[in-house]
$ cat model-v5.cif   # mmCIF, C-alpha atoms
data_my_file
#
loop_
_atom_site.group_PDB
_atom_site.id
_atom_site.type_symbol
_atom_site.label_atom_id
_atom_site.label_comp_id
_atom_site.auth_asym_id
_atom_site.auth_seq_id
_atom_site.Cartn_x
_atom_site.Cartn_y
_atom_site.Cartn_z
ATOM 1 C CA ALA A 21 -55.572 151.684 162.856
ATOM 2 C CA GLN A 22 -57.654 149.336 160.809
ATOM 3 C CA SER A 23 -60.601 150.820 158.974
ATOM 4 C CA VAL A 24 -63.307 149.731 156.591
ATOM 5 C CA THR A 25 -64.936 151.972 154.001
ATOM 6 C CA GLN A 26 -68.162 151.328 152.175
ATOM 7 C CA PRO A 27 -68.340 154.252 149.750
ATOM 8 C CA ASP A 28 -71.978 153.799 148.773
ATOM 9 C CA ILE A 29 -74.501 154.677 151.469
ATOM 10 C CA HIS A 30 -77.503 153.766 149.353
ATOM 11 C CA ILE A 31 -77.867 151.808 146.099
ATOM 12 C CA THR A 32 -80.994 151.148 144.049
ATOM 13 C CA VAL A 33 -81.126 148.394 141.434
ATOM 14 C CA SER A 34 -83.880 146.836 139.395
ATOM 15 C CA GLU A 35 -84.964 143.290 140.111
ATOM 16 C CA GLY A 36 -83.005 140.917 137.895
ATOM 17 C CA ALA A 37 -80.114 143.339 137.449
ATOM 18 C CA SER A 38 -76.606 142.617 138.629
ATOM 19 C CA LEU A 39 -75.249 144.051 141.856
ATOM 20 C CA GLU A 40 -71.847 145.084 143.144
ATOM 21 C CA LEU A 41 -71.327 146.572 146.607
ATOM 22 C CA ARG A 42 -67.946 148.073 147.309
ATOM 23 C CA CYS A 43 -65.740 147.583 150.335
ATOM 24 C CA ASN A 44 -62.243 148.955 150.883
ATOM 25 C CA TYR A 45 -60.087 148.371 153.929
ATOM 26 C CA SER A 46 -56.972 149.786 155.447
ATOM 27 C CA TYR A 47 -54.735 147.137 156.967
ATOM 28 C CA GLY A 48 -51.101 146.201 157.353
ATOM 29 C CA ALA A 49 -51.408 142.480 156.743
ATOM 30 C CA THR A 50 -53.747 140.155 154.946
ATOM 31 C CA PRO A 51 -57.039 140.571 156.706
ATOM 32 C CA TYR A 52 -59.940 138.310 157.398
ATOM 33 C CA LEU A 53 -62.896 139.712 155.451
ATOM 34 C CA PHE A 54 -66.611 139.298 155.982
ATOM 35 C CA TRP A 55 -69.905 140.403 154.486
ATOM 36 C CA TYR A 56 -73.027 140.479 156.644
ATOM 37 C CA VAL A 57 -76.636 141.294 155.703
ATOM 38 C CA GLN A 58 -79.249 142.914 157.928
ATOM 39 C CA SER A 59 -82.966 142.957 157.165
ATOM 40 C CA PRO A 60 -84.898 145.885 158.670
ATOM 41 C CA GLY A 61 -85.170 145.638 162.443
ATOM 42 C CA GLN A 62 -83.239 142.376 162.545
ATOM 43 C CA GLY A 63 -79.824 141.110 163.545
ATOM 44 C CA LEU A 64 -76.957 140.460 161.156
ATOM 45 C CA GLN A 65 -76.489 137.285 159.142
ATOM 46 C CA LEU A 66 -73.172 136.175 157.692
ATOM 47 C CA LEU A 67 -73.172 136.010 153.879
ATOM 48 C CA LEU A 68 -69.572 134.916 153.329
ATOM 49 C CA LYS A 69 -66.042 135.261 154.619
ATOM 50 C CA TYR A 70 -62.482 135.157 153.288
ATOM 51 C CA PHE A 71 -59.447 133.938 155.188
ATOM 52 C CA SER A 72 -56.955 132.792 152.573
ATOM 53 C CA GLY A 73 -56.649 130.801 149.362
ATOM 54 C CA ASP A 74 -58.991 131.333 146.435
ATOM 55 C CA THR A 75 -59.710 135.037 146.203
ATOM 56 C CA LEU A 76 -63.241 134.459 144.897
ATOM 57 C CA VAL A 77 -65.513 133.398 147.727
ATOM 58 C CA GLN A 78 -68.987 131.953 147.366
ATOM 59 C CA GLY A 79 -71.626 132.651 149.983
ATOM 60 C CA ILE A 80 -75.244 132.049 150.738
ATOM 61 C CA LYS A 81 -78.204 133.393 148.742
ATOM 62 C CA GLY A 82 -76.185 133.446 145.504
ATOM 63 C CA PHE A 83 -73.691 136.087 146.646
ATOM 64 C CA GLU A 84 -69.980 136.065 145.961
ATOM 65 C CA ALA A 85 -67.083 138.374 146.791
ATOM 66 C CA GLU A 86 -63.616 138.845 145.398
ATOM 67 C CA PHE A 87 -60.552 139.785 147.426
ATOM 68 C CA LYS A 88 -58.176 142.051 145.505
ATOM 69 C CA ARG A 89 -55.043 142.709 147.522
ATOM 70 C CA SER A 90 -53.685 145.294 145.092
ATOM 71 C CA GLN A 91 -56.824 147.383 145.483
ATOM 72 C CA SER A 92 -57.449 146.611 149.172
ATOM 73 C CA SER A 93 -60.980 145.688 148.202
ATOM 74 C CA PHE A 94 -63.500 142.972 148.927
ATOM 75 C CA ASN A 95 -66.520 143.766 146.752
ATOM 76 C CA LEU A 96 -69.755 141.816 147.038
ATOM 77 C CA ARG A 97 -71.546 140.713 143.862
ATOM 78 C CA LYS A 98 -74.707 139.017 142.762
ATOM 79 C CA PRO A 99 -75.549 138.351 139.101
ATOM 80 C CA SER A 100 -79.321 138.767 139.438
ATOM 81 C CA VAL A 101 -80.948 140.599 142.343
ATOM 82 C CA HIS A 102 -84.243 139.474 143.861
ATOM 83 C CA TRP A 103 -86.684 141.739 145.681
ATOM 84 C CA SER A 104 -85.909 139.840 148.893
ATOM 85 C CA ASP A 105 -82.293 141.060 148.721
ATOM 86 C CA ALA A 106 -83.393 144.536 149.816
ATOM 87 C CA ALA A 107 -81.521 145.045 153.092
ATOM 88 C CA GLU A 108 -78.453 146.691 154.562
ATOM 89 C CA TYR A 109 -75.085 145.133 153.857
ATOM 90 C CA PHE A 110 -72.037 145.431 156.064
ATOM 91 C CA CYS A 111 -68.449 144.686 155.245
ATOM 92 C CA ALA A 112 -66.274 143.745 158.229
ATOM 93 C CA VAL A 113 -62.567 143.155 158.717
ATOM 94 C CA ALA A 114 -60.319 141.468 161.233
ATOM 95 C CA GLN A 115 -56.604 140.823 161.366
ATOM 96 C CA LYS A 116 -54.711 137.770 162.519
ATOM 97 C CA GLY A 117 -53.477 138.414 166.017
ATOM 98 C CA ASP A 118 -56.277 140.792 166.943
ATOM 99 C CA ARG A 119 -58.544 139.530 169.661
ATOM 100 C CA GLY A 120 -61.542 140.764 171.536
ATOM 101 C CA ARG A 121 -61.794 144.474 170.913
ATOM 102 C CA ARG A 122 -60.490 144.238 167.380
ATOM 103 C CA ALA A 123 -62.091 140.884 166.594
ATOM 104 C CA LEU A 124 -64.260 142.590 163.990
ATOM 105 C CA THR A 125 -64.380 146.144 162.594
ATOM 106 C CA PHE A 126 -67.470 147.085 160.604
ATOM 107 C CA GLY A 127 -68.016 149.468 157.744
ATOM 108 C CA SER A 128 -70.895 151.935 157.915
ATOM 109 C CA GLY A 129 -73.102 149.845 155.660
ATOM 110 C CA THR A 130 -74.790 150.092 152.247
ATOM 111 C CA ARG A 131 -78.559 150.105 152.039
ATOM 112 C CA LEU A 132 -79.856 148.228 148.993
ATOM 113 C CA GLN A 133 -83.214 149.051 147.503
ATOM 114 C CA VAL A 134 -84.672 146.803 144.779
ATOM 115 C CA GLN A 135 -87.118 148.214 142.259
ATOM 116 C CA PRO A 136 -89.719 145.939 140.650
ATOM 117 C CA ASP B 30 -82.654 125.485 167.935
ATOM 118 C CA GLY B 31 -79.273 126.995 168.742
ATOM 119 C CA GLY B 32 -78.961 130.726 168.665
ATOM 120 C CA ILE B 33 -78.935 134.048 170.444
ATOM 121 C CA THR B 34 -81.975 135.618 172.013
ATOM 122 C CA GLN B 35 -82.338 139.235 173.040
ATOM 123 C CA SER B 36 -85.118 140.738 175.075
ATOM 124 C CA PRO B 37 -87.077 142.834 175.056
ATOM 125 C CA LYS B 38 -87.527 143.734 171.403
ATOM 126 C CA TYR B 39 -88.392 147.323 172.378
ATOM 127 C CA LEU B 40 -87.421 149.103 175.585
ATOM 128 C CA PHE B 41 -88.377 152.534 176.830
ATOM 129 C CA ARG B 42 -86.213 154.465 179.260
ATOM 130 C CA LYS B 43 -87.252 157.375 181.394
ATOM 131 C CA GLU B 44 -84.918 160.191 182.352
ATOM 132 C CA GLY B 45 -82.426 159.093 185.014
ATOM 133 C CA GLN B 46 -83.392 155.450 184.798
ATOM 134 C CA ASN B 47 -81.101 152.469 184.377
ATOM 135 C CA VAL B 48 -82.339 149.740 182.057
ATOM 136 C CA THR B 49 -80.998 146.274 181.363
ATOM 137 C CA LEU B 50 -80.963 144.481 178.028
ATOM 138 C CA SER B 51 -80.868 140.708 178.063
ATOM 139 C CA CYS B 52 -78.698 138.517 175.834
ATOM 140 C CA GLU B 53 -78.683 134.729 176.061
ATOM 141 C CA GLN B 54 -76.926 132.188 173.841
ATOM 142 C CA ASN B 55 -77.129 128.405 173.738
ATOM 143 C CA LEU B 56 -74.288 127.950 171.264
ATOM 144 C CA ASN B 57 -71.746 127.170 174.000
ATOM 145 C CA HIS B 58 -69.657 130.113 172.786
ATOM 146 C CA ASP B 59 -66.909 131.582 174.935
ATOM 147 C CA ALA B 60 -66.920 135.106 173.498
ATOM 148 C CA MET B 61 -69.813 137.562 173.592
ATOM 149 C CA TYR B 62 -70.146 141.131 172.364
ATOM 150 C CA TRP B 63 -72.443 144.139 172.607
ATOM 151 C CA TYR B 64 -72.736 146.559 169.714
ATOM 152 C CA ARG B 65 -74.602 149.807 169.318
ATOM 153 C CA GLN B 66 -76.036 150.664 165.899
ATOM 154 C CA ASP B 67 -76.966 154.199 164.863
ATOM 155 C CA PRO B 68 -78.124 155.155 161.358
ATOM 156 C CA GLY B 69 -75.201 155.674 159.005
ATOM 157 C CA GLN B 70 -72.581 154.667 161.576
ATOM 158 C CA GLY B 71 -72.431 150.927 161.277
ATOM 159 C CA LEU B 72 -71.820 148.937 164.438
ATOM 160 C CA ARG B 73 -69.726 150.201 167.327
ATOM 161 C CA LEU B 74 -68.416 147.894 170.034
ATOM 162 C CA ILE B 75 -69.587 148.691 173.576
ATOM 163 C CA TYR B 76 -68.230 145.776 175.618
ATOM 164 C CA TYR B 77 -66.941 142.315 174.977
ATOM 165 C CA SER B 78 -66.267 139.210 177.021
ATOM 166 C CA GLN B 79 -63.753 136.593 176.005
ATOM 167 C CA ILE B 80 -64.663 134.149 178.728
ATOM 168 C CA VAL B 81 -67.003 133.866 181.673
ATOM 169 C CA ASN B 82 -66.244 136.203 184.589
ATOM 170 C CA ASP B 83 -64.213 138.470 182.329
ATOM 171 C CA PHE B 84 -65.186 141.475 180.227
ATOM 172 C CA GLN B 85 -63.443 144.436 178.613
ATOM 173 C CA LYS B 86 -64.451 147.872 177.374
ATOM 174 C CA GLY B 87 -64.947 148.428 173.695
ATOM 175 C CA ASP B 88 -64.860 151.706 171.813
ATOM 176 C CA ILE B 89 -67.901 153.377 173.407
ATOM 177 C CA ALA B 90 -68.240 151.907 176.913
ATOM 178 C CA GLU B 91 -69.039 155.146 178.772
ATOM 179 C CA GLY B 92 -72.517 155.035 180.290
ATOM 180 C CA TYR B 93 -72.813 151.262 179.976
ATOM 181 C CA SER B 94 -72.040 148.301 182.220
ATOM 182 C CA VAL B 95 -72.067 144.519 181.758
ATOM 183 C CA SER B 96 -71.636 141.300 183.673
ATOM 184 C CA ARG B 97 -70.693 137.766 182.634
ATOM 185 C CA GLU B 98 -71.538 135.474 185.509
ATOM 186 C CA LYS B 99 -72.683 132.631 183.278
ATOM 187 C CA LYS B 100 -71.303 131.463 179.975
ATOM 188 C CA GLU B 101 -74.647 131.772 178.239
ATOM 189 C CA SER B 102 -75.630 135.216 179.510
ATOM 190 C CA PHE B 103 -74.193 138.696 178.895
ATOM 191 C CA PRO B 104 -76.633 141.415 180.046
ATOM 192 C CA LEU B 105 -76.026 145.075 179.209
ATOM 193 C CA THR B 106 -77.131 147.883 181.516
ATOM 194 C CA VAL B 107 -77.640 151.330 180.053
ATOM 195 C CA THR B 108 -77.100 153.712 182.935
ATOM 196 C CA SER B 109 -78.385 157.238 183.468
ATOM 197 C CA ALA B 110 -74.866 158.427 182.589
ATOM 198 C CA GLN B 111 -75.512 157.508 178.956
ATOM 199 C CA LYS B 112 -77.004 160.755 177.696
ATOM 200 C CA ASN B 113 -77.959 159.593 174.232
ATOM 201 C CA PRO B 114 -79.116 155.984 174.607
ATOM 202 C CA THR B 115 -81.589 155.878 171.729
ATOM 203 C CA ALA B 116 -80.217 153.227 169.369
ATOM 204 C CA PHE B 117 -80.491 149.640 168.196
ATOM 205 C CA TYR B 118 -78.457 147.282 170.389
ATOM 206 C CA LEU B 119 -77.078 144.027 169.032
ATOM 207 C CA CYS B 120 -75.582 141.160 170.971
ATOM 208 C CA ALA B 121 -73.254 138.679 169.284
ATOM 209 C CA SER B 122 -71.240 135.628 170.202
ATOM 210 C CA SER B 123 -68.405 133.610 168.730
ATOM 211 C CA ALA B 124 -66.855 130.274 169.629
ATOM 212 C CA ASP B 125 -63.741 132.073 170.777
ATOM 213 C CA PRO B 126 -62.433 135.651 170.543
ATOM 214 C CA GLU B 127 -60.028 134.971 167.680
ATOM 215 C CA PRO B 128 -60.545 137.269 164.676
ATOM 216 C CA GLY B 129 -61.308 134.466 162.257
ATOM 217 C CA GLU B 130 -64.275 133.227 164.209
ATOM 218 C CA THR B 131 -67.692 134.066 162.853
ATOM 219 C CA GLN B 132 -69.801 136.250 165.090
ATOM 220 C CA TYR B 133 -73.457 135.269 165.336
ATOM 221 C CA PHE B 134 -75.967 137.988 166.089
ATOM 222 C CA GLY B 135 -79.180 138.193 168.027
ATOM 223 C CA PRO B 136 -82.290 139.976 166.684
ATOM 224 C CA GLY B 137 -81.556 143.195 168.563
ATOM 225 C CA THR B 138 -83.253 145.486 171.080
ATOM 226 C CA ARG B 139 -84.406 148.971 170.159
ATOM 227 C CA LEU B 140 -84.068 151.405 173.047
ATOM 228 C CA LEU B 141 -86.112 154.581 173.050
ATOM 229 C CA VAL B 142 -86.136 157.458 175.496
ATOM 230 C CA LEU B 143 -89.441 158.770 176.840
#
$ encode --input "model-v5.cif" --output "structure tokens"
Amino acid sequence: AQSVTQPDIHITVSEGASLELRCNYSYGATPYLFWYVQSPGQGLQLLLKYFSGDTLVQGIKGFEAEFKRSQSSFNLRKPSVHWSDAAEYFCAVAQKGDRGRRALTFGSGTRLQVQP
Amino acid sequence: DGGITQSPKYLFRKEGQNVTLSCEQNLNHDAMYWYRQDPGQGLRLIYYSQIVNDFQKGDIAEGYSVSREKKESFPLTVTSAQKNPTAFYLCASSADPEPGETQYFGPGTRLLVL
């Protein structure tokens, strides 16, 4: 069964510092990969997604993610964090051929705190 | 503005009571989903609908029911059989149920038990 692991439950970084959030998946084929962000008490917003092609994907708000097949990873990065980036981040995975119930499988999330 | 609306923002349930959470979308999407979010557990799929008049159970459907009589509406009922309903409920939609399609989320409803 497909699974998504976000090893870090909570991360604290200083404003202006770089950020990397980890995501590992367990899948048989090349997956579709997503990163979503959730502000407190709000719904989820798509940051970026990877289907195929260039393994470095650019998203909104200055985020990027890199797909590494050999490591089964899709880590999210940002070179300089802003206080407004404080939120919870979810990695999600899907597989070609899955529909409906398996359209998207979410990791448990990483809560980002930004220190002034 | 196109998007997904959920109401109410907060909902209180008494013991033995059924409550219904509203989800409406004006994106003309075929597929709609209900997720439950608990702290530290990410999102778990309750029900999904790939097209109007059709819906299927997700991973944690027990104690919940849905209907999909209109394309734009996918209400979720939390029944008295759901013994631990306190959670944040998120509705989402996508253009179709294929895995590559982006799911768009509503702002959520927080359900609390009195």
$ residues_near_point --input "model-v5.cif" --point "(-59.7, 139.4, 157.9)" --cutoff "6 Å" --atoms "only C-alpha atoms" --output "PyMOL selection string"
chain A and resi 51-53+113-115
$ residues_around --input "model-v5.cif" --residues "range 104-115 of chain B" --least-positions-apart "6" --cutoff "12 Å" --atoms "only C-alpha atoms" --output "NGL selection string"
:B and (34-37 or 39-54 or 61-68 or 75-78 or 84 or 89-98 or 121 or 138-143)
$ closest_atom_pairs --input "model-v5.cif" --of "chain B" --to "chain A" --cutoff "8 Å" --atoms "only C-alpha atoms" --output "Markdown table"
| residue | atom | partner | partner_atom | distance |
| --- | --- | --- | --- | --- |
| B:Gly69 | CA | A:Ser128 | CA | 5.8 |
| B:Gln70 | CA | A:Ser128 | CA | 4.9 |
| B:Gly71 | CA | A:Ser128 | CA | 3.8 |
| B:Leu72 | CA | A:Phe126 | CA | 6.1 |
| B:Arg73 | CA | A:Phe126 | CA | 7.7 |
| B:Leu74 | CA | A:Arg121 | CA | 7.5 |
| B:Tyr77 | CA | A:Gly120 | CA | 6.6 |
| B:Ser78 | CA | A:Gly120 | CA | 7.4 |
| B:Gln79 | CA | A:Gly120 | CA | 6.5 |
| B:Gln85 | CA | A:Arg121 | CA | 7.9 |
| B:Lys86 | CA | A:Arg121 | CA | 7.8 |
| B:Gly87 | CA | A:Arg121 | CA | 5.8 |
| B:Asp88 | CA | A:Arg121 | CA | 7.9 |
| B:Leu119 | CA | A:Gly63 | CA | 6.8 |
| B:Pro126 | CA | A:Gly120 | CA | 5.3 |
| B:Glu127 | CA | A:Arg119 | CA | 5.2 |
| B:Pro128 | CA | A:Ala123 | CA | 4.4 |
| B:Gly129 | CA | A:Tyr52 | CA | 6.3 |
| B:Thr131 | CA | A:Leu66 | CA | 7.8 |
| B:Tyr133 | CA | A:Gln65 | CA | 7.2 |
| B:Phe134 | CA | A:Gly63 | CA | 5.6 |
| B:Gly135 | CA | A:Gly63 | CA | 5.4 |
| B:Pro136 | CA | A:Gly63 | CA | 4.1 |
| B:Gly137 | CA | A:Gly63 | CA | 5.7 |
$ resolve_selection --input "model-v5.cif" --expression "the PyMOL selection byres ((chain A and resi 23) around 6)" --output "count of residues only"
4
$ resolve_selection --input "model-v5.cif" --expression "the PyMOL selection byres ((chain A and resi 42) around 9)" --output "VMD selection string"
chain A and resid 25 to 28 40 to 41 43 to 44 93 to 97 111 130
$ resolve_selection --input "model-v5.cif" --expression "the PyMOL selection byres ((chain A and resi 76) around 10)" --output "ChimeraX atom specification"
/A:70,73-75,77-79,84-88,94
$ atom_distance --input "model-v5.cif" --atom1 "CA of Arg89 in chain A" --atom2 "CA of Leu67 in chain A"
20.3 Å
$ axis_aligned_box --input "model-v5.cif" --around "range 58-65 of chain B" --padding-each-side "8 Å" --output "JSON"
{"center_x": -70.8, "center_y": 140.0, "center_z": 172.1, "size_x": 23.7, "size_y": 35.7, "size_z": 21.6}
$ atom_distance --input "model-v5.cif" --atom1 "CA of Ser90 in chain A" --atom2 "CA of His30 in chain A"
25.6 Å
$ atom_distance --input "model-v5.cif" --atom1 "CA of Gly32 in chain B" --atom2 "CA of His58 in chain B"
10.2 Å
$ residues_around --input "model-v5.cif" --residues "Val33 in chain A" --least-positions-apart "2" --cutoff "7 Å" --atoms "all atoms listed in the file" --output "number ranges by chain"
A: 31, 35, 37, 133-135
